[in-house]
Amino acid sequence: MTRIVVVGAGPAGIAAACRAAESGAMVTLLDGEPYPGGGIWRHSIDYSVPRPVRNSKEAKNMREKTKISNGARKAKRWFNRLDKVGVSLRTSETVVDITGRSVQVQREQGELDSIAFDKLILATGAHELFLPFPGWTLPNVMGVGGAQALLKAGMPVNPASPRGGVKRLRVVVGGSGPLLFAVAASLAKAGAKIVCVAEQTSGMQLAKFALGILRYQPAKMVQGMGYMLQYFPAPYWPNTWVKEARGDSQVREVVLTNGKRQWIEPADLVACAYGLVPSVELAALAGCKQENGRLVVDNLQRTSIEGFFAAGEITGIGGTDLAITEGEIAGLAAAGKAKETADYTDYTEKEKKQKLKSVKSVVNKLIARRERQQKFARLLNQSFALKPHLKQLPADDTIVCRCEDVTFGELKNQADQRSAKLYTRCGMGPCQGRVCSSALQYLLDWEPNKVRPPLFPTKIGAFISNTESLKRKAKK
Amino acid sequence: MMKKITVKVNDKSVVVPEGVTVAAAVYMAGETAFRKSVSGQLRSPVCGMGICYECRVQIDNQPHQLACRQLCREGMEIRTL
Ligand SMILES: Cc1cc2nc3c(=O)[nH]c(=O)nc-3n(C[C@H](O)[C@H](O)[C@H](O)COP(=O)(O)OP(=O)(O)OC[C@H]3O[C@@H](n4cnc5c(N)ncnc54)[C@H](O)[C@@H]3O)c2cc1C
Ligand code: FES
């Protein structure tokens with residue numbers, strides 16, 4: 001039986017695991033989060049998103065009783081499928097290294113383990129691009145997806161006020177991308193007061209995007225309108241960005257600008273991020289080829305390394321539906337169910353189309369679907385391309401590396417990421433450059449640094465507790 | 001009814017629904033600052049998904065634990081800054 005390890009239990013990883021297991025493979029699905037679901041289907045504390053929880057009948061009952069919203073219906077379908085096929089789902093297990101044909105995982109308490117595989121599917125998704133601006137290190141300034149994730153995990157946005165009653169947090173949502181709509185809507189639904197949504201891209205680009213949606217995915221248009229209604233009457237301003245956050249022990253107000261004038265809005269919470277970047281670190285560690293920050297894959301989602309596949313936003317930002325399709329293809333291919341499909345890499349567009357039409361197979365159907373969804377992905381990336389003036393966001397005294405508190409002034413005259421690391425400690429902290437390195441790639445056009453194992457710092461606390469337990473043993 | 005559990009945030013008892021993260025419990029306790037940076041600035045979660053390491057707190061005497069990635073357990077003692 002083929003042993004397949006899937007890293008990342010987002011939509012792509014779940015789809016891959018299902019398809020591979022349904023094809024007879026023995027599948028282990030790993031995720032560092034306590035719950036599966038990835039960026040979008042992450043568990044939600046009001047249980048509006050269903051979730052399989054390991055060995056818990058109670059959770060299953062809860063799920064069956066839950067009213068499922070439209071968007072979560074797809075999630076429920078996939079989670080049910082996952083339950084049914086008997087994939088070994090292991091959450092709170094982060095993959096920190098890949099050596100030969102096994103992955104090294106670290107559990108919540110820091111214990112290490114190793115899992116052997118014949119085929120590996122990388123579905124590590126994406127993380128947000130945070131661009132530093134003055135005041136972005138103040139408490140309660142966070143990412144857009146970050147705010148969504150924290151909200152789903154139980155962060156209150158209408159906490160009890162010390163003077164009695166509830167205090168609805170005033171939230172400014174900023175940055176770029178369709179996520180801004182969705183998150184503003186969730187925050188409003190949870191009781192926050194949305195002050196405004198500031199989108200850096202122009203009204204013209206947004207109009208083009210809307211037309212494109214109507215053409216490729218009309219259902220998404222309805223969804224978008226629904227979101228706007230939820231946070232109505234807060235304004236949505238194109239061509240606007242957060243220039244500065246001000247406050248004391250936390251953020252209190254933001255300075256917004258449209259390039260011509262600037263103005264101040266009150267804010268108790270700022271959710272700001274400039275889209276997503278593929279999380280390629282683990283794949284880079286394994287030596288998979290990448291291009292422009294994305295993993296390179298062929299027609300069957302194969303990476304440059306034999307037996308290693310990749311699916312979802314690790315191969316480029318394109319939304320949930322594309323991630324699912326890619327996951328399905330990767331799962332089938334890894335399980336050896338795509339043999340009838342030729343590798344079309346060397347074919348012309350026309351030949352490829354003919355071939356896809358003539359050979360009827362599940363994989364070919366999925367490949368055709370993926371091509372359609374990639375059109376939408378291209379439109380998405382064009383519409384929300386970052387304006388060059390955002391490179392001016394940080395001031396000289398703005399901190400860029402949040403782990404080591406290195407400022408933009410200290411960094412801007414360094415030659416590259418390597419010398420920055422050497423002379424300023426930028427990127428040497430526990431986040432290992434995930435936040436600052438992506439920002440610097442954009443701000444100063446730097447190349448990313450080489451990734452080294454282990455991918456995540458081995459837990460300091462766990463380390464201490466291990467040595468302490470050793471000491472205790474020694475005493476006995 | 002969702003099960004409730006009690007945790008302590010900086011010695012203050014907070015009752016939270018089962019399944020919330022430590023980060024959520026800290027917010028529920030009315031705190032906004034989670035840790036102090038190397039130059040002494042106050043910081044709070046940014047990514048919510050185990051990437052940024054800004055949500056580090058002390059949990060049951062273990063320092064540098066990611067608040068966004070751990071679920072609350074009955075009797076847990078959480079300490080910020
Ligand atoms: C914080 C955040 C919030 C988002 N919220 C929304 C939303 O509300 N609505 C929406 O439409 N889209 C949202 N998105 C976008 C959405 O996530 C993507 O469009 C889609 O989910 C991509 O699917 P994926 O399977 O490729 O990756 P993801 O969904 O990103 O899943 C990747 C998974 O891999 C895991 N992982 C990564 N590295 C490792 C490792 N080394 N070891 C173990 N596990 C690992 C991660 O924990 C994660 O669960 C959000 C994205 C982010 C980052
Ligand atoms: S909030 Fe970023 S790691 Fe926890």
# chains A, B, ... in the order shown; residues from 1 in each chain; ligands from 1
$ residues_near_ligand --ligand "ligand 2" --cutoff "9 Å" --atoms "only C-alpha atoms and all ligand atoms" --output "MDAnalysis selection string"
(chainID A and resid 142 146 150 431) or (chainID B and resid 23 44:56 65:69)
$ interface_residues --of "chain A" --to "chain B" --cutoff "8 Å" --atoms "only C-alpha atoms" --output "short mmCIF file (atom, residue, chain, number, x, y, z; two decimals) with N, CA, C and O atoms, in the first residue's frame"
data_model
loop_
_atom_site.label_atom_id
_atom_site.label_comp_id
_atom_site.auth_asym_id
_atom_site.auth_seq_id
_atom_site.Cartn_x
_atom_site.Cartn_y
_atom_site.Cartn_z
N GLU A 33 -1.96 23.32 13.37
CA GLU A 33 -3.04 23.95 14.13
C GLU A 33 -3.78 22.91 14.96
O GLU A 33 -3.79 21.74 14.62
N PRO A 34 -4.44 23.37 16.05
CA PRO A 34 -5.22 22.40 16.84
C PRO A 34 -6.40 21.82 16.07
O PRO A 34 -6.88 20.74 16.39
N ILE A 45 -15.53 29.06 16.83
CA ILE A 45 -15.98 28.73 18.16
C ILE A 45 -17.50 28.70 18.27
O ILE A 45 -18.06 28.03 19.11
N GLU A 108 2.58 19.54 20.07
CA GLU A 108 2.30 20.75 20.84
C GLU A 108 3.28 20.93 21.99
O GLU A 108 3.75 22.03 22.25
N HIS A 127 0.52 32.55 3.89
CA HIS A 127 0.33 33.44 5.03
C HIS A 127 0.24 34.87 4.54
O HIS A 127 0.50 35.16 3.37
N GLU A 128 -0.14 35.77 5.44
CA GLU A 128 -0.41 37.13 5.00
C GLU A 128 0.87 37.93 4.78
O GLU A 128 1.89 37.69 5.41
N THR A 137 3.27 48.13 15.20
CA THR A 137 3.61 47.19 16.27
C THR A 137 2.74 47.39 17.52
O THR A 137 2.86 46.64 18.48
N LEU A 138 1.87 48.41 17.52
CA LEU A 138 1.00 48.65 18.68
C LEU A 138 0.06 47.47 18.90
O LEU A 138 -0.42 46.86 17.94
N PRO A 139 -0.22 47.14 20.19
CA PRO A 139 -1.22 46.11 20.43
C PRO A 139 -2.55 46.43 19.74
O PRO A 139 -2.93 47.60 19.65
N ASN A 140 -3.21 45.37 19.28
CA ASN A 140 -4.47 45.45 18.57
C ASN A 140 -4.36 45.92 17.12
O ASN A 140 -5.36 46.21 16.48
N VAL A 141 -3.13 45.99 16.60
CA VAL A 141 -2.96 46.11 15.15
C VAL A 141 -2.57 44.71 14.69
O VAL A 141 -1.60 44.15 15.19
N MET A 142 -3.37 44.14 13.82
CA MET A 142 -3.14 42.75 13.41
C MET A 142 -3.43 42.56 11.94
O MET A 142 -3.77 43.50 11.24
N GLY A 143 -3.28 41.33 11.48
CA GLY A 143 -3.57 41.04 10.08
C GLY A 143 -5.07 40.97 9.82
O GLY A 143 -5.88 41.01 10.75
N GLY A 145 -6.59 38.36 7.80
CA GLY A 145 -6.85 36.95 8.07
C GLY A 145 -6.56 36.66 9.54
O GLY A 145 -7.20 35.82 10.16
N GLY A 146 -5.58 37.38 10.09
CA GLY A 146 -5.22 37.23 11.50
C GLY A 146 -6.41 37.55 12.39
O GLY A 146 -6.74 36.81 13.32
N ALA A 147 -7.08 38.67 12.09
CA ALA A 147 -8.26 39.06 12.86
C ALA A 147 -9.34 38.00 12.73
O ALA A 147 -10.00 37.61 13.70
N ALA A 149 -8.91 34.79 12.03
CA ALA A 149 -8.50 33.57 12.75
C ALA A 149 -8.71 33.75 14.26
O ALA A 149 -9.23 32.86 14.93
N LEU A 150 -8.32 34.91 14.79
CA LEU A 150 -8.46 35.15 16.22
C LEU A 150 -9.93 35.22 16.62
O LEU A 150 -10.33 34.73 17.67
N LEU A 151 -10.73 35.82 15.75
CA LEU A 151 -12.17 35.91 16.00
C LEU A 151 -12.78 34.51 16.07
O LEU A 151 -13.52 34.17 16.98
N ALA A 153 -11.32 31.88 16.81
CA ALA A 153 -10.81 31.16 17.97
C ALA A 153 -11.39 31.69 19.27
O ALA A 153 -11.08 31.18 20.33
N GLY A 154 -12.22 32.74 19.20
CA GLY A 154 -12.92 33.21 20.39
C GLY A 154 -12.60 34.63 20.84
O GLY A 154 -13.08 35.05 21.90
N MET A 155 -11.82 35.40 20.09
CA MET A 155 -11.53 36.78 20.49
C MET A 155 -12.83 37.60 20.48
O MET A 155 -13.53 37.62 19.48
N PRO A 156 -13.17 38.23 21.63
CA PRO A 156 -14.40 39.01 21.65
C PRO A 156 -14.19 40.37 20.99
O PRO A 156 -13.14 40.98 21.17
N PRO A 159 -16.56 43.26 23.94
CA PRO A 159 -16.37 42.81 25.32
C PRO A 159 -17.20 43.65 26.29
O PRO A 159 -17.64 44.75 25.94
N SER A 249 -1.02 52.26 25.10
CA SER A 249 -0.86 50.84 25.39
C SER A 249 -1.54 49.99 24.32
O SER A 249 -1.44 48.78 24.32
N GLN A 250 -2.27 50.62 23.45
CA GLN A 250 -2.87 49.94 22.29
C GLN A 250 -3.24 50.99 21.25
O GLN A 250 -3.17 52.18 21.51
N ARG A 402 10.03 42.33 13.88
CA ARG A 402 9.34 42.46 15.16
C ARG A 402 9.95 41.58 16.24
O ARG A 402 9.73 41.82 17.43
N CYS A 403 10.68 40.56 15.85
CA CYS A 403 11.29 39.68 16.85
C CYS A 403 12.50 40.36 17.48
O CYS A 403 12.70 40.29 18.68
N GLU A 404 13.32 41.02 16.65
CA GLU A 404 14.56 41.61 17.15
C GLU A 404 14.50 43.13 17.21
O GLU A 404 15.51 43.79 17.48
N ASP A 405 13.36 43.71 16.90
CA ASP A 405 13.17 45.17 16.89
C ASP A 405 14.21 45.91 16.04
O ASP A 405 14.90 46.81 16.51
N PRO A 430 12.44 34.13 16.58
CA PRO A 430 11.70 32.88 16.46
C PRO A 430 10.80 32.78 15.22
O PRO A 430 10.53 31.68 14.77
N CYS A 431 10.38 33.91 14.66
CA CYS A 431 9.52 33.78 13.47
C CYS A 431 10.36 33.44 12.25
O CYS A 431 9.82 33.15 11.18
N ARG A 434 9.63 35.02 8.74
CA ARG A 434 8.39 34.84 7.97
C ARG A 434 7.67 36.16 7.76
O ARG A 434 7.02 36.37 6.75
N VAL A 435 7.73 37.04 8.76
CA VAL A 435 7.04 38.32 8.64
C VAL A 435 7.91 39.35 7.91
O VAL A 435 7.52 39.90 6.89
N LYS A 459 10.49 24.15 20.62
CA LYS A 459 9.89 24.92 21.71
C LYS A 459 10.83 25.05 22.90
O LYS A 459 11.26 24.05 23.47
N ILE A 460 11.13 26.30 23.25
CA ILE A 460 12.05 26.58 24.34
C ILE A 460 11.50 25.98 25.63
O ILE A 460 12.19 25.31 26.37
N GLY A 461 10.21 26.19 25.85
CA GLY A 461 9.58 25.71 27.07
C GLY A 461 9.68 24.20 27.18
O GLY A 461 10.06 23.65 28.21
N ALA A 462 9.40 23.53 26.05
CA ALA A 462 9.43 22.08 26.05
C ALA A 462 10.85 21.60 26.30
O ALA A 462 11.08 20.61 26.99
N SER A 465 11.47 21.89 29.91
CA SER A 465 10.77 20.85 30.69
C SER A 465 11.43 19.50 30.48
O SER A 465 11.51 18.69 31.37
#
$ select_by_dssp --residues "region 172-313 of chain A" --states "alpha helix (DSSP H)" --output "PyMOL selection string"
chain A and resi 179-189+203-216+218-231+281-286
$ residues_around --residues "Arg73 (chain B)" --least-positions-apart "5" --cutoff "8 Å" --atoms "only C-alpha atoms" --output "ChimeraX atom specification"
/B:5-7,18
$ residues_around --residues "region 283-287 of chain A" --least-positions-apart "5" --cutoff "12 Å" --atoms "only C-alpha atoms" --output "PDB file with N, CA and C atoms, in the first residue's frame"
ATOM      1  N   VAL A   7       0.961  17.316   4.084  1.00  0.00           N
ATOM      2  CA  VAL A   7       1.284  18.357   5.057  1.00  0.00           C
ATOM      3  C   VAL A   7       0.369  19.559   4.840  1.00  0.00           C
ATOM      4  N   VAL A  95       5.222  20.044  10.862  1.00  0.00           N
ATOM      5  CA  VAL A  95       6.367  19.433  10.188  1.00  0.00           C
ATOM      6  C   VAL A  95       7.519  20.428  10.217  1.00  0.00           C
ATOM      7  N   VAL A  96       8.657  20.022  10.804  1.00  0.00           N
ATOM      8  CA  VAL A  96       9.781  20.944  10.932  1.00  0.00           C
ATOM      9  C   VAL A  96      10.922  20.603   9.980  1.00  0.00           C
ATOM     10  N   ASP A  97      10.884  19.424   9.400  1.00  0.00           N
ATOM     11  CA  ASP A  97      11.967  19.069   8.474  1.00  0.00           C
ATOM     12  C   ASP A  97      11.551  17.875   7.622  1.00  0.00           C
ATOM     13  N   ILE A  98      12.205  17.745   6.474  1.00  0.00           N
ATOM     14  CA  ILE A  98      11.998  16.574   5.625  1.00  0.00           C
ATOM     15  C   ILE A  98      13.368  16.005   5.321  1.00  0.00           C
ATOM     16  N   THR A  99      13.561  14.735   5.674  1.00  0.00           N
ATOM     17  CA  THR A  99      14.850  14.136   5.365  1.00  0.00           C
ATOM     18  C   THR A  99      14.597  12.838   4.627  1.00  0.00           C
ATOM     19  N   GLY A 100      15.139  12.731   3.439  1.00  0.00           N
ATOM     20  CA  GLY A 100      14.928  11.546   2.613  1.00  0.00           C
ATOM     21  C   GLY A 100      13.455  11.318   2.396  1.00  0.00           C
ATOM     22  N   ARG A 101      12.974  10.156   2.817  1.00  0.00           N
ATOM     23  CA  ARG A 101      11.557   9.833   2.637  1.00  0.00           C
ATOM     24  C   ARG A 101      10.821   9.808   3.973  1.00  0.00           C
ATOM     25  N   SER A 102      11.150  10.757   4.854  1.00  0.00           N
ATOM     26  CA  SER A 102      10.346  10.881   6.068  1.00  0.00           C
ATOM     27  C   SER A 102      10.268  12.342   6.505  1.00  0.00           C
ATOM     28  N   VAL A 103       9.149  12.664   7.167  1.00  0.00           N
ATOM     29  CA  VAL A 103       8.970  14.024   7.692  1.00  0.00           C
ATOM     30  C   VAL A 103       9.210  14.001   9.197  1.00  0.00           C
ATOM     31  N   GLN A 104       9.797  15.094   9.699  1.00  0.00           N
ATOM     32  CA  GLN A 104       9.995  15.242  11.134  1.00  0.00           C
ATOM     33  C   GLN A 104       8.886  16.139  11.654  1.00  0.00           C
ATOM     34  N   LEU A 120       4.772  12.292  -0.974  1.00  0.00           N
ATOM     35  CA  LEU A 120       4.509  13.426  -0.085  1.00  0.00           C
ATOM     36  C   LEU A 120       3.698  14.481  -0.834  1.00  0.00           C
ATOM     37  N   ILE A 121       2.660  14.999  -0.176  1.00  0.00           N
ATOM     38  CA  ILE A 121       1.904  16.107  -0.780  1.00  0.00           C
ATOM     39  C   ILE A 121       2.039  17.336   0.114  1.00  0.00           C
ATOM     40  N   LEU A 122       2.619  18.393  -0.435  1.00  0.00           N
ATOM     41  CA  LEU A 122       2.793  19.626   0.333  1.00  0.00           C
ATOM     42  C   LEU A 122       1.610  20.552   0.081  1.00  0.00           C
ATOM     43  N   ALA A 123       0.863  20.853   1.133  1.00  0.00           N
ATOM     44  CA  ALA A 123      -0.293  21.753   0.992  1.00  0.00           C
ATOM     45  C   ALA A 123      -0.262  22.758   2.136  1.00  0.00           C
ATOM     46  N   THR A 124       0.889  23.442   2.253  1.00  0.00           N
ATOM     47  CA  THR A 124       1.099  24.321   3.406  1.00  0.00           C
ATOM     48  C   THR A 124       0.457  25.700   3.250  1.00  0.00           C
ATOM     49  N   GLY A 125      -0.218  25.945   2.120  1.00  0.00           N
ATOM     50  CA  GLY A 125      -1.031  27.155   2.006  1.00  0.00           C
ATOM     51  C   GLY A 125      -0.252  28.446   1.906  1.00  0.00           C
ATOM     52  N   PRO A 278       2.560  32.666  -0.707  1.00  0.00           N
ATOM     53  CA  PRO A 278       2.656  31.215  -0.522  1.00  0.00           C
ATOM     54  C   PRO A 278       3.645  30.848   0.587  1.00  0.00           C
ATOM     55  N   GLY A 293       8.531  33.093  -5.718  1.00  0.00           N
ATOM     56  CA  GLY A 293       7.905  32.833  -4.434  1.00  0.00           C
ATOM     57  C   GLY A 293       6.831  31.763  -4.449  1.00  0.00           C
ATOM     58  N   ARG A 294       6.654  31.101  -5.588  1.00  0.00           N
ATOM     59  CA  ARG A 294       5.656  30.027  -5.654  1.00  0.00           C
ATOM     60  C   ARG A 294       6.342  28.717  -5.994  1.00  0.00           C
ATOM     61  N   LEU A 295       5.714  27.620  -5.572  1.00  0.00           N
ATOM     62  CA  LEU A 295       6.278  26.333  -5.898  1.00  0.00           C
ATOM     63  C   LEU A 295       5.945  25.988  -7.346  1.00  0.00           C
ATOM     64  N   VAL A 296       6.935  25.474  -8.074  1.00  0.00           N
ATOM     65  CA  VAL A 296       6.701  25.097  -9.467  1.00  0.00           C
ATOM     66  C   VAL A 296       6.144  23.677  -9.513  1.00  0.00           C
ATOM     67  N   VAL A 297       4.983  23.518 -10.161  1.00  0.00           N
ATOM     68  CA  VAL A 297       4.411  22.179 -10.321  1.00  0.00           C
ATOM     69  C   VAL A 297       4.026  21.960 -11.774  1.00  0.00           C
ATOM     70  N   THR A 303       6.099  18.283  -8.080  1.00  0.00           N
ATOM     71  CA  THR A 303       7.158  19.275  -7.908  1.00  0.00           C
ATOM     72  C   THR A 303       8.412  18.772  -8.625  1.00  0.00           C
ATOM     73  N   SER A 304       9.490  19.509  -8.457  1.00  0.00           N
ATOM     74  CA  SER A 304      10.739  19.117  -9.134  1.00  0.00           C
ATOM     75  C   SER A 304      11.357  17.876  -8.495  1.00  0.00           C
ATOM     76  N   ILE A 305      10.886  17.478  -7.318  1.00  0.00           N
ATOM     77  CA  ILE A 305      11.442  16.281  -6.680  1.00  0.00           C
ATOM     78  C   ILE A 305      10.517  15.092  -6.899  1.00  0.00           C
ATOM     79  N   GLU A 306      11.079  14.018  -7.364  1.00  0.00           N
ATOM     80  CA  GLU A 306      10.347  12.778  -7.633  1.00  0.00           C
ATOM     81  C   GLU A 306       9.562  12.340  -6.381  1.00  0.00           C
ATOM     82  N   GLY A 307       8.268  12.116  -6.555  1.00  0.00           N
ATOM     83  CA  GLY A 307       7.465  11.629  -5.441  1.00  0.00           C
ATOM     84  C   GLY A 307       6.921  12.721  -4.533  1.00  0.00           C
ATOM     85  N   PHE A 308       7.312  13.976  -4.782  1.00  0.00           N
ATOM     86  CA  PHE A 308       6.793  15.106  -3.996  1.00  0.00           C
ATOM     87  C   PHE A 308       5.779  15.873  -4.840  1.00  0.00           C
ATOM     88  N   PHE A 309       4.582  16.059  -4.292  1.00  0.00           N
ATOM     89  CA  PHE A 309       3.538  16.806  -4.979  1.00  0.00           C
ATOM     90  C   PHE A 309       3.223  18.072  -4.182  1.00  0.00           C
ATOM     91  N   ALA A 310       2.564  19.037  -4.806  1.00  0.00           N
ATOM     92  CA  ALA A 310       2.156  20.235  -4.082  1.00  0.00           C
ATOM     93  C   ALA A 310       0.821  20.714  -4.610  1.00  0.00           C
ATOM     94  N   ALA A 311      -0.011  21.257  -3.710  1.00  0.00           N
ATOM     95  CA  ALA A 311      -1.332  21.721  -4.119  1.00  0.00           C
ATOM     96  C   ALA A 311      -1.780  22.871  -3.238  1.00  0.00           C
ATOM     97  N   ILE A 314       0.253  27.159  -1.895  1.00  0.00           N
ATOM     98  CA  ILE A 314       1.709  27.049  -1.940  1.00  0.00           C
ATOM     99  C   ILE A 314       2.193  27.209  -3.390  1.00  0.00           C
ATOM    100  N   THR A 315       1.321  26.904  -4.356  1.00  0.00           N
ATOM    101  CA  THR A 315       1.702  27.015  -5.764  1.00  0.00           C
ATOM    102  C   THR A 315       1.255  28.337  -6.374  1.00  0.00           C
ATOM    103  N   PRO A 448      14.734  36.156  -0.925  1.00  0.00           N
ATOM    104  CA  PRO A 448      14.543  35.532   0.388  1.00  0.00           C
ATOM    105  C   PRO A 448      15.814  34.826   0.843  1.00  0.00           C
ATOM    106  N   ASN A 449      15.949  34.696   2.135  1.00  0.00           N
ATOM    107  CA  ASN A 449      17.101  34.015   2.703  1.00  0.00           C
ATOM    108  C   ASN A 449      16.975  32.508   2.531  1.00  0.00           C
ATOM    109  N   LYS A 450      18.079  31.807   2.604  1.00  0.00           N
ATOM    110  CA  LYS A 450      18.029  30.345   2.543  1.00  0.00           C
ATOM    111  C   LYS A 450      17.357  29.787   3.802  1.00  0.00           C
ATOM    112  N   VAL A 451      16.481  28.797   3.624  1.00  0.00           N
ATOM    113  CA  VAL A 451      15.796  28.219   4.776  1.00  0.00           C
ATOM    114  C   VAL A 451      16.648  27.120   5.396  1.00  0.00           C
ATOM    115  N   ARG A 452      16.677  27.087   6.709  1.00  0.00           N
ATOM    116  CA  ARG A 452      17.466  26.051   7.407  1.00  0.00           C
ATOM    117  C   ARG A 452      16.583  25.279   8.386  1.00  0.00           C
ATOM    118  N   PRO A 453      16.846  23.999   8.576  1.00  0.00           N
ATOM    119  CA  PRO A 453      16.075  23.239   9.565  1.00  0.00           C
ATOM    120  C   PRO A 453      16.522  23.555  10.987  1.00  0.00           C
ATOM    121  N   PRO A 454      15.710  23.380  12.021  1.00  0.00           N
ATOM    122  CA  PRO A 454      14.294  23.037  11.891  1.00  0.00           C
ATOM    123  C   PRO A 454      13.501  24.272  11.472  1.00  0.00           C
ATOM    124  N   LEU A 455      12.395  24.011  10.806  1.00  0.00           N
ATOM    125  CA  LEU A 455      11.619  25.074  10.207  1.00  0.00           C
ATOM    126  C   LEU A 455      11.019  26.019  11.241  1.00  0.00           C
ATOM    127  N   PHE A 456      10.612  25.456  12.368  1.00  0.00           N
ATOM    128  CA  PHE A 456      10.084  26.275  13.457  1.00  0.00           C
ATOM    129  C   PHE A 456      11.008  26.071  14.642  1.00  0.00           C
TER     130      PHE A 456
END
$ atom_distance --atom1 "CA of Leu322 (chain A)" --atom2 "CA of Ser186 (chain A)"
22.8 Å
$ residues_around --residues "region 387-397 of chain A" --least-positions-apart "5" --cutoff "9 Å" --atoms "only C-alpha atoms" --output "list in words"
Leu131, Pro132, Phe133, Pro134, Gln200, Thr201, Trp241, Val242, Lys243, Glu244, Gly259, Val406, Thr407, Phe408, Gly409, Glu410, Leu411, Lys412, Tyr442, Leu443 and Leu444 of chain A
$ closest_residue --among "A:Glu351, A:Glu313, A:Glu326, A:Asp83" --to "ligand 1" --atoms "only C-alpha atoms and all ligand atoms"
A:Glu313
$ atom_distance --atom1 "CA of Ala415 (chain A)" --atom2 "CA of Ser438 (chain A)"
16.2 Å
$ select_by_dssp --residues "chain B" --states "strand (DSSP E or B)" --output "PyMOL selection string"
chain B and resi 4-9+12-17+21+35-36+42-43+56-59+62-66+71+77-79
$ atom_distance --atom1 "CA of Ala192 (chain A)" --atom2 "CA of Lys167 (chain A)"
8.7 Å
$ residues_around --residues "Pro36 (chain A)" --least-positions-apart "3" --cutoff "10 Å" --atoms "only C-alpha atoms" --output "number ranges by chain"
A: 8-11, 13-14, 29-33, 39, 41-43, 51-53, 79, 89-92
$ residues_around --residues "region 1-6 of chain A" --least-positions-apart "3" --cutoff "6 Å" --atoms "only C-alpha atoms" --output "ChimeraX atom specification"
/A:25-29,117-121
$ write_last_selection --atoms "N, CA, C and O atoms" --output "CSV table (one decimal), in the first residue's frame"
chain,number,residue,atom,x,y,z
A,25,ALA,N,-4.8,4.5,-1.0
A,25,ALA,CA,-3.5,4.7,-0.3
A,25,ALA,C,-3.7,4.8,1.2
A,25,ALA,O,-4.8,5.1,1.7
A,26,MET,N,-2.6,4.7,1.9
A,26,MET,CA,-2.7,4.9,3.4
A,26,MET,C,-2.2,6.3,3.7
A,26,MET,O,-1.1,6.6,3.4
A,27,VAL,N,-3.2,7.1,4.1
A,27,VAL,CA,-2.9,8.6,4.2
A,27,VAL,C,-2.8,9.1,5.6
A,27,VAL,O,-3.6,8.8,6.4
A,28,THR,N,-1.7,9.9,5.8
A,28,THR,CA,-1.6,10.6,7.1
A,28,THR,C,-1.7,12.1,6.8
A,28,THR,O,-0.9,12.6,5.9
A,29,LEU,N,-2.6,12.8,7.4
A,29,LEU,CA,-2.8,14.3,7.1
A,29,LEU,C,-2.3,15.0,8.4
A,29,LEU,O,-2.9,14.8,9.5
A,117,PHE,N,7.2,8.0,4.4
A,117,PHE,CA,6.2,8.1,3.3
A,117,PHE,C,6.9,7.5,2.0
A,117,PHE,O,8.1,7.5,1.9
A,118,ASP,N,6.0,7.2,1.1
A,118,ASP,CA,6.4,6.8,-0.2
A,118,ASP,C,6.2,8.1,-1.1
A,118,ASP,O,7.0,8.4,-2.0
A,119,LYS,N,5.0,8.8,-0.9
A,119,LYS,CA,4.7,10.0,-1.6
A,119,LYS,C,4.4,11.1,-0.6
A,119,LYS,O,3.8,10.8,0.4
A,120,LEU,N,4.8,12.3,-1.0
A,120,LEU,CA,4.5,13.4,-0.1
A,120,LEU,C,3.7,14.5,-0.8
A,120,LEU,O,4.0,14.8,-2.0
A,121,ILE,N,2.7,15.0,-0.2
A,121,ILE,CA,1.9,16.1,-0.8
A,121,ILE,C,2.0,17.3,0.1
A,121,ILE,O,1.6,17.3,1.3
